[in-house]
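Data from coords18.cif: mmCIF, C-alpha atoms
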data_entry
loop_
_atom_site.label_atom_id
_atom_site.label_comp_id
_atom_site.auth_asym_id
_atom_site.auth_seq_id
_atom_site.Cartn_x
_atom_site.Cartn_y
_atom_site.Cartn_z
CA MET A 1 55.89 -15.68 7.83
CA ALA A 2 56.78 -15.56 4.14
CA GLN A 3 53.32 -16.82 3.16
CA PRO A 4 51.31 -13.83 4.43
CA ALA A 5 53.56 -11.41 2.54
CA ASN A 6 53.22 -13.51 -0.60
CA SER A 7 49.44 -13.71 -0.13
CA GLU A 8 49.28 -9.94 0.37
CA HIS A 9 51.31 -9.45 -2.81
CA GLN A 10 48.94 -11.75 -4.74
CA ASN A 11 45.92 -9.77 -3.48
CA THR A 12 47.53 -6.51 -4.57
CA VAL A 13 48.36 -7.93 -8.01
CA GLN A 14 44.79 -9.25 -8.36
CA ALA A 15 43.30 -5.91 -7.32
CA ASN A 16 45.53 -4.04 -9.78
CA THR A 17 44.60 -6.48 -12.55
CA GLU A 18 40.90 -5.84 -11.87
CA LEU A 19 41.45 -2.06 -11.98
CA ILE A 20 43.29 -2.37 -15.29
CA LYS A 21 40.41 -4.42 -16.71
CA LEU A 22 37.95 -1.73 -15.62
CA ALA A 23 40.08 1.00 -17.17
CA LEU A 24 40.16 -0.86 -20.49
CA LEU A 25 36.37 -1.25 -20.71
CA PRO A 26 34.72 0.89 -23.38
CA PRO A 27 33.14 4.01 -21.91
CA GLN A 28 29.53 3.61 -20.92
CA PRO A 29 27.17 5.90 -22.80
CA CYS A 30 25.92 8.64 -20.55
CA MET A 31 22.36 9.83 -20.77
CA VAL A 32 21.98 13.40 -21.93
CA ILE A 33 18.83 15.14 -20.76
CA HIS A 34 17.46 18.29 -22.37
CA PHE A 35 14.30 20.25 -21.72
CA ALA A 36 12.97 23.06 -23.93
CA ALA A 37 9.90 25.20 -23.36
CA THR A 38 8.80 25.19 -27.01
CA GLN A 39 9.55 23.88 -30.45
CA SER A 40 11.95 26.04 -32.44
CA ASP A 41 9.16 27.74 -34.40
CA GLN A 42 7.03 28.59 -31.35
CA THR A 43 7.08 31.45 -28.85
CA LEU A 44 6.41 31.43 -25.15
CA PRO A 45 2.89 32.38 -24.08
CA THR A 46 2.48 35.90 -22.78
CA ASN A 47 -0.40 36.56 -20.46
CA PRO A 48 -0.36 38.93 -17.48
CA GLU A 49 -2.21 36.32 -15.41
CA LEU A 50 0.58 33.77 -15.94
CA PRO A 51 4.13 33.69 -14.63
CA ALA A 52 6.57 35.47 -16.96
CA ASP A 53 8.29 32.12 -17.64
CA LEU A 54 5.52 29.55 -17.40
CA PHE A 55 7.75 26.62 -18.34
CA THR A 56 10.26 27.37 -15.58
CA ALA A 57 7.42 27.85 -13.10
CA CYS A 58 6.14 24.35 -13.99
CA MET A 59 9.60 22.84 -13.66
CA THR A 60 10.53 24.50 -10.35
CA THR A 61 7.23 25.06 -8.52
CA PRO A 62 4.86 22.47 -9.99
CA VAL A 63 2.13 22.57 -7.34
CA LYS A 64 1.87 26.34 -7.53
CA ALA A 65 1.88 26.19 -11.35
CA ALA A 66 -0.83 23.51 -11.37
CA VAL A 67 -3.06 25.55 -9.04
CA ARG A 68 -2.53 28.75 -11.07
CA PHE A 69 -3.37 26.85 -14.26
CA TRP A 70 -6.53 25.49 -12.65
CA LEU A 71 -7.53 29.01 -11.61
CA HIS A 72 -6.90 30.31 -15.12
CA THR A 73 -9.01 27.54 -16.68
CA HIS A 74 -11.79 27.87 -14.09
CA PRO A 75 -12.47 31.62 -14.09
CA HIS A 76 -15.80 31.29 -12.25
CA SER A 77 -14.20 29.74 -9.20
CA LYS A 78 -14.57 31.58 -5.92
CA VAL A 79 -10.89 30.89 -5.20
CA THR A 80 -8.58 33.81 -5.92
CA GLN A 81 -4.91 33.74 -6.79
CA GLU A 82 -4.12 35.31 -3.41
CA MET A 83 -5.98 32.47 -1.70
CA SER A 84 -4.13 29.88 -3.78
CA ASP A 85 -0.79 31.38 -2.74
CA GLN A 86 -1.68 30.71 0.90
CA ILE A 87 -2.62 27.02 0.82
CA PRO A 88 -1.80 25.80 4.34
CA GLY A 89 0.91 23.27 5.02
CA THR A 90 4.19 22.18 3.56
CA LEU A 91 4.99 20.21 0.42
CA LYS A 92 6.51 17.31 2.38
CA ASP A 93 3.68 16.89 4.91
CA ARG A 94 0.90 14.90 3.29
CA SER A 95 -1.42 15.57 6.23
CA THR A 96 -1.70 19.21 5.08
CA PRO A 97 -3.63 20.50 2.03
CA LEU A 98 -0.43 21.60 0.28
CA GLY A 99 1.30 18.29 1.00
CA GLU A 100 -1.72 16.35 -0.24
CA LEU A 101 -1.72 18.33 -3.50
CA CYS A 102 1.99 17.62 -3.93
CA TRP A 103 1.49 13.91 -3.27
CA THR A 104 -1.47 13.77 -5.69
CA LEU A 105 0.48 15.55 -8.43
CA THR A 106 3.39 13.14 -7.97
CA ALA A 107 1.10 10.10 -8.10
CA ILE A 108 -0.72 11.34 -11.20
CA THR A 109 2.39 12.27 -13.17
CA ASP A 110 4.08 8.98 -12.22
CA THR A 111 1.01 7.04 -13.35
CA ILE A 112 0.78 8.97 -16.62
CA ALA A 113 4.46 8.21 -17.25
CA TRP A 114 3.88 4.53 -16.44
CA CYS A 115 1.00 4.44 -18.94
CA THR A 116 2.78 6.25 -21.78
CA LEU A 117 6.45 5.22 -21.64
CA PRO A 118 8.13 1.94 -22.48
CA ARG A 119 8.90 0.10 -19.21
CA SER A 120 12.68 0.37 -19.56
CA MET A 121 12.48 4.13 -20.14
CA PHE A 122 10.07 4.54 -17.22
CA HIS A 123 12.45 2.67 -14.95
CA THR A 124 15.46 4.70 -16.11
CA LEU A 125 13.77 8.10 -15.83
CA PHE A 126 11.48 7.56 -12.83
CA ARG A 127 13.13 4.96 -10.60
CA GLU A 128 16.91 5.30 -10.81
CA ASP A 129 17.42 8.88 -9.65
CA ALA A 130 15.03 10.97 -7.55
CA THR A 131 16.12 14.28 -9.08
CA VAL A 132 15.73 13.03 -12.65
CA ALA A 133 12.31 11.61 -11.75
CA SER A 134 11.22 14.92 -10.28
CA LEU A 135 12.33 16.83 -13.38
CA PHE A 136 10.45 14.49 -15.70
CA ARG A 137 7.31 14.57 -13.54
CA ASN A 138 7.43 18.36 -13.68
CA PHE A 139 8.02 18.21 -17.44
CA ILE A 140 4.86 16.12 -17.86
CA LEU A 141 2.94 18.82 -15.98
CA ALA A 142 4.60 21.56 -18.05
CA SER A 143 3.61 19.73 -21.20
CA ARG A 144 -0.03 19.66 -20.12
CA ILE A 145 -0.08 23.34 -19.18
CA MET A 146 2.00 24.68 -22.10
CA ARG A 147 -0.05 22.80 -24.71
CA HIS A 148 -3.12 24.63 -23.43
CA TYR A 149 -1.36 27.79 -24.66
CA ASN A 150 -0.43 26.23 -28.04
CA THR A 151 3.19 25.49 -27.28
CA SER A 152 4.84 22.09 -27.24
CA PRO A 153 7.63 21.56 -24.72
CA GLN A 154 10.40 19.27 -25.90
CA SER A 155 12.60 16.82 -24.04
CA ARG A 156 15.43 14.44 -24.75
CA PRO A 157 14.79 11.64 -24.23
CA ASN A 158 11.46 12.31 -25.86
CA ILE A 159 8.39 11.98 -23.66
CA PRO A 160 5.18 11.27 -25.64
CA SER A 161 2.40 13.79 -25.37
CA SER A 162 0.12 13.15 -22.41
CA HIS A 163 -1.68 16.48 -22.08
CA THR A 164 -5.06 14.86 -22.79
CA HIS A 165 -4.60 11.90 -20.45
CA PRO A 166 -7.82 11.29 -18.45
CA LEU A 167 -5.93 11.31 -15.13
CA TRP A 168 -5.55 15.10 -15.39
CA GLU A 169 -9.23 15.29 -14.44
CA SER A 170 -8.28 13.74 -11.09
CA LEU A 171 -5.81 16.54 -10.45
CA ASP A 172 -8.41 19.16 -11.40
CA TYR A 173 -10.85 17.51 -9.00
CA GLU A 174 -8.30 17.48 -6.20
CA ILE A 175 -7.47 21.16 -6.69
CA ASP A 176 -11.16 22.04 -6.78
#
Can the structure in the file be given as structure tokens, please?
Amino acid sequence: MAQPANSEHQNTVQANTELIKLALLPPQPCMVIHFAATQSDQTLPTNPELPADLFTACMTTPVKAAVRFWLHTHPHSKVTQEMSDQIPGTLKDRSTPLGELCWTLTAITDTIAWCTLPRSMFHTLFREDATVASLFRNFILASRIMRHYNTSPQSRPNIPSSHTHPLWESLDYEID
């Protein structure tokens, strides 16, 4: 009977030793993420046809922001803003028009990121955490929209400019 107690004691000592080793490891650098709507010498766009805070609209309601931007850049469209606010469906149901737009926007922004970022950065920002990936996808959209109004959104880590990427035409086509 003495052996099991001794074995249990050895396991406890080993576990404590492992915890001490972990505690002595140097701290791992944590990633700091920042988003800014403009450079320090720029001002936010003001236009009564746009949301009061266009950058926040892109970051929090990207599909709605993308559709509003399309309407603003296609003034001869027969689609009105009221119509665009009533696109049927839900964001999570791809079988609906709204869900299909959401899925398309996600696919396009992911592909643009894949094409413009180093692989390790793409993996870190777009594959390790769903919330971080969503924020950076929305930032890529914000960058496209805000640059149309002569402002340059900023992020840390820095995301290269992609506002002229040819895949944006696919999104415009899908919205149309």
#### Entry: Residue contacts of range 55-57 of chain A (9 Å, all atoms listed in the file) excluding same-chain residues fewer than 2 positions away, as a list in words
Ala36, Ala37, Thr38, Leu44, Pro51, Ala52, Asp53, Met59, Thr60, Thr61, Pro62, Lys64, Ala65, Phe139, Ala142, Ser143, Ile145, Met146 and Pro153 of chain A
### Task
I need the residue set behind the PyMOL selection byres ((chain A and resi 42) around 9) for this file; please write it as a count of residues only.
9
### Query
Using only C-alpha atoms, which residues sit within 10 Å of range 132-135 of chain A once same-chain residues fewer than 2 positions away are excluded, as a PyMOL selection string?
chain A and resi 33+35+58-60+62+106+109-110+122-130+137-141
Once you have the residues from the selection above, write them out as a CSV table (one decimal), in the frame of the given file, restricted to C-alpha atoms.
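Okay, selection_28.csv is ready:
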chain,number,residue,atom,x,y,z
A,33,ILE,CA,18.8,15.1,-20.8
A,35,PHE,CA,14.3,20.2,-21.7
A,58,CYS,CA,6.1,24.4,-14.0
A,59,MET,CA,9.6,22.8,-13.7
A,60,THR,CA,10.5,24.5,-10.4
A,62,PRO,CA,4.9,22.5,-10.0
A,106,THR,CA,3.4,13.1,-8.0
A,109,THR,CA,2.4,12.3,-13.2
A,110,ASP,CA,4.1,9.0,-12.2
A,122,PHE,CA,10.1,4.5,-17.2
A,123,HIS,CA,12.4,2.7,-15.0
A,124,THR,CA,15.5,4.7,-16.1
A,125,LEU,CA,13.8,8.1,-15.8
A,126,PHE,CA,11.5,7.6,-12.8
A,127,ARG,CA,13.1,5.0,-10.6
A,128,GLU,CA,16.9,5.3,-10.8
A,129,ASP,CA,17.4,8.9,-9.6
A,130,ALA,CA,15.0,11.0,-7.6
A,137,ARG,CA,7.3,14.6,-13.5
A,138,ASN,CA,7.4,18.4,-13.7
A,139,PHE,CA,8.0,18.2,-17.4
A,140,ILE,CA,4.9,16.1,-17.9
A,141,LEU,CA,2.9,18.8,-16.0
### Query
Contacts of range 170-176 of chain A at 10 Å or less, counting only C-alpha atoms, minus same-chain residues fewer than 4 places along, as an MDAnalysis selection string?
chainID A and resid 63 66:67 69:71 73:74 77 79 84 97:98 100:101 104:105 107:109 166
Give me a file of those residues, with C-alpha atoms, as a PDB file, keeping the file's coordinate frame.
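What follows is the written file result-v4.pdb:
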ATOM      1  CA  VAL A  63       2.130  22.570  -7.340  1.00  0.00           C
ATOM      2  CA  ALA A  66      -0.830  23.510 -11.370  1.00  0.00           C
ATOM      3  CA  VAL A  67      -3.060  25.550  -9.040  1.00  0.00           C
ATOM      4  CA  PHE A  69      -3.370  26.850 -14.260  1.00  0.00           C
ATOM      5  CA  TRP A  70      -6.530  25.490 -12.650  1.00  0.00           C
ATOM      6  CA  LEU A  71      -7.530  29.010 -11.610  1.00  0.00           C
ATOM      7  CA  THR A  73      -9.010  27.540 -16.680  1.00  0.00           C
ATOM      8  CA  HIS A  74     -11.790  27.870 -14.090  1.00  0.00           C
ATOM      9  CA  SER A  77     -14.200  29.740  -9.200  1.00  0.00           C
ATOM     10  CA  VAL A  79     -10.890  30.890  -5.200  1.00  0.00           C
ATOM     11  CA  SER A  84      -4.130  29.880  -3.780  1.00  0.00           C
ATOM     12  CA  PRO A  97      -3.630  20.500   2.030  1.00  0.00           C
ATOM     13  CA  LEU A  98      -0.430  21.600   0.280  1.00  0.00           C
ATOM     14  CA  GLU A 100      -1.720  16.350  -0.240  1.00  0.00           C
ATOM     15  CA  LEU A 101      -1.720  18.330  -3.500  1.00  0.00           C
ATOM     16  CA  THR A 104      -1.470  13.770  -5.690  1.00  0.00           C
ATOM     17  CA  LEU A 105       0.480  15.550  -8.430  1.00  0.00           C
ATOM     18  CA  ALA A 107       1.100  10.100  -8.100  1.00  0.00           C
ATOM     19  CA  ILE A 108      -0.720  11.340 -11.200  1.00  0.00           C
ATOM     20  CA  THR A 109       2.390  12.270 -13.170  1.00  0.00           C
ATOM     21  CA  PRO A 166      -7.820  11.290 -18.450  1.00  0.00           C
TER      22      PRO A 166
END
### Message
Using Å and a single decimal, report how far CA of Thr116 in chain A sits from CA of Pro160 in chain A.
### Response
6.8 Å
### Task
Pick out the residues sitting within 10 Å of His165 in chain A, and hand them over as a list in words; count only C-alpha atoms, and ignore anything fewer than 2 positions along from it in its own chain.
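Contacts, with the query itself left out: Ile112, Cys115, Thr116, Arg144, Ser161, Ser162, His163, Leu167, Trp168 and Glu169 of chain A.
Of note, CA of Asn16 in chain A and CA of Met31 in chain A are spaced 29.2 Å apart.
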#### Entry: Between CA of Thr164 in chain A and CA of Asp93 in chain A, distance in Å (one decimal)
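Computing the Euclidean distance for CA of Thr164 in chain A and CA of Asp93 in chain A yields 29.1 Å.
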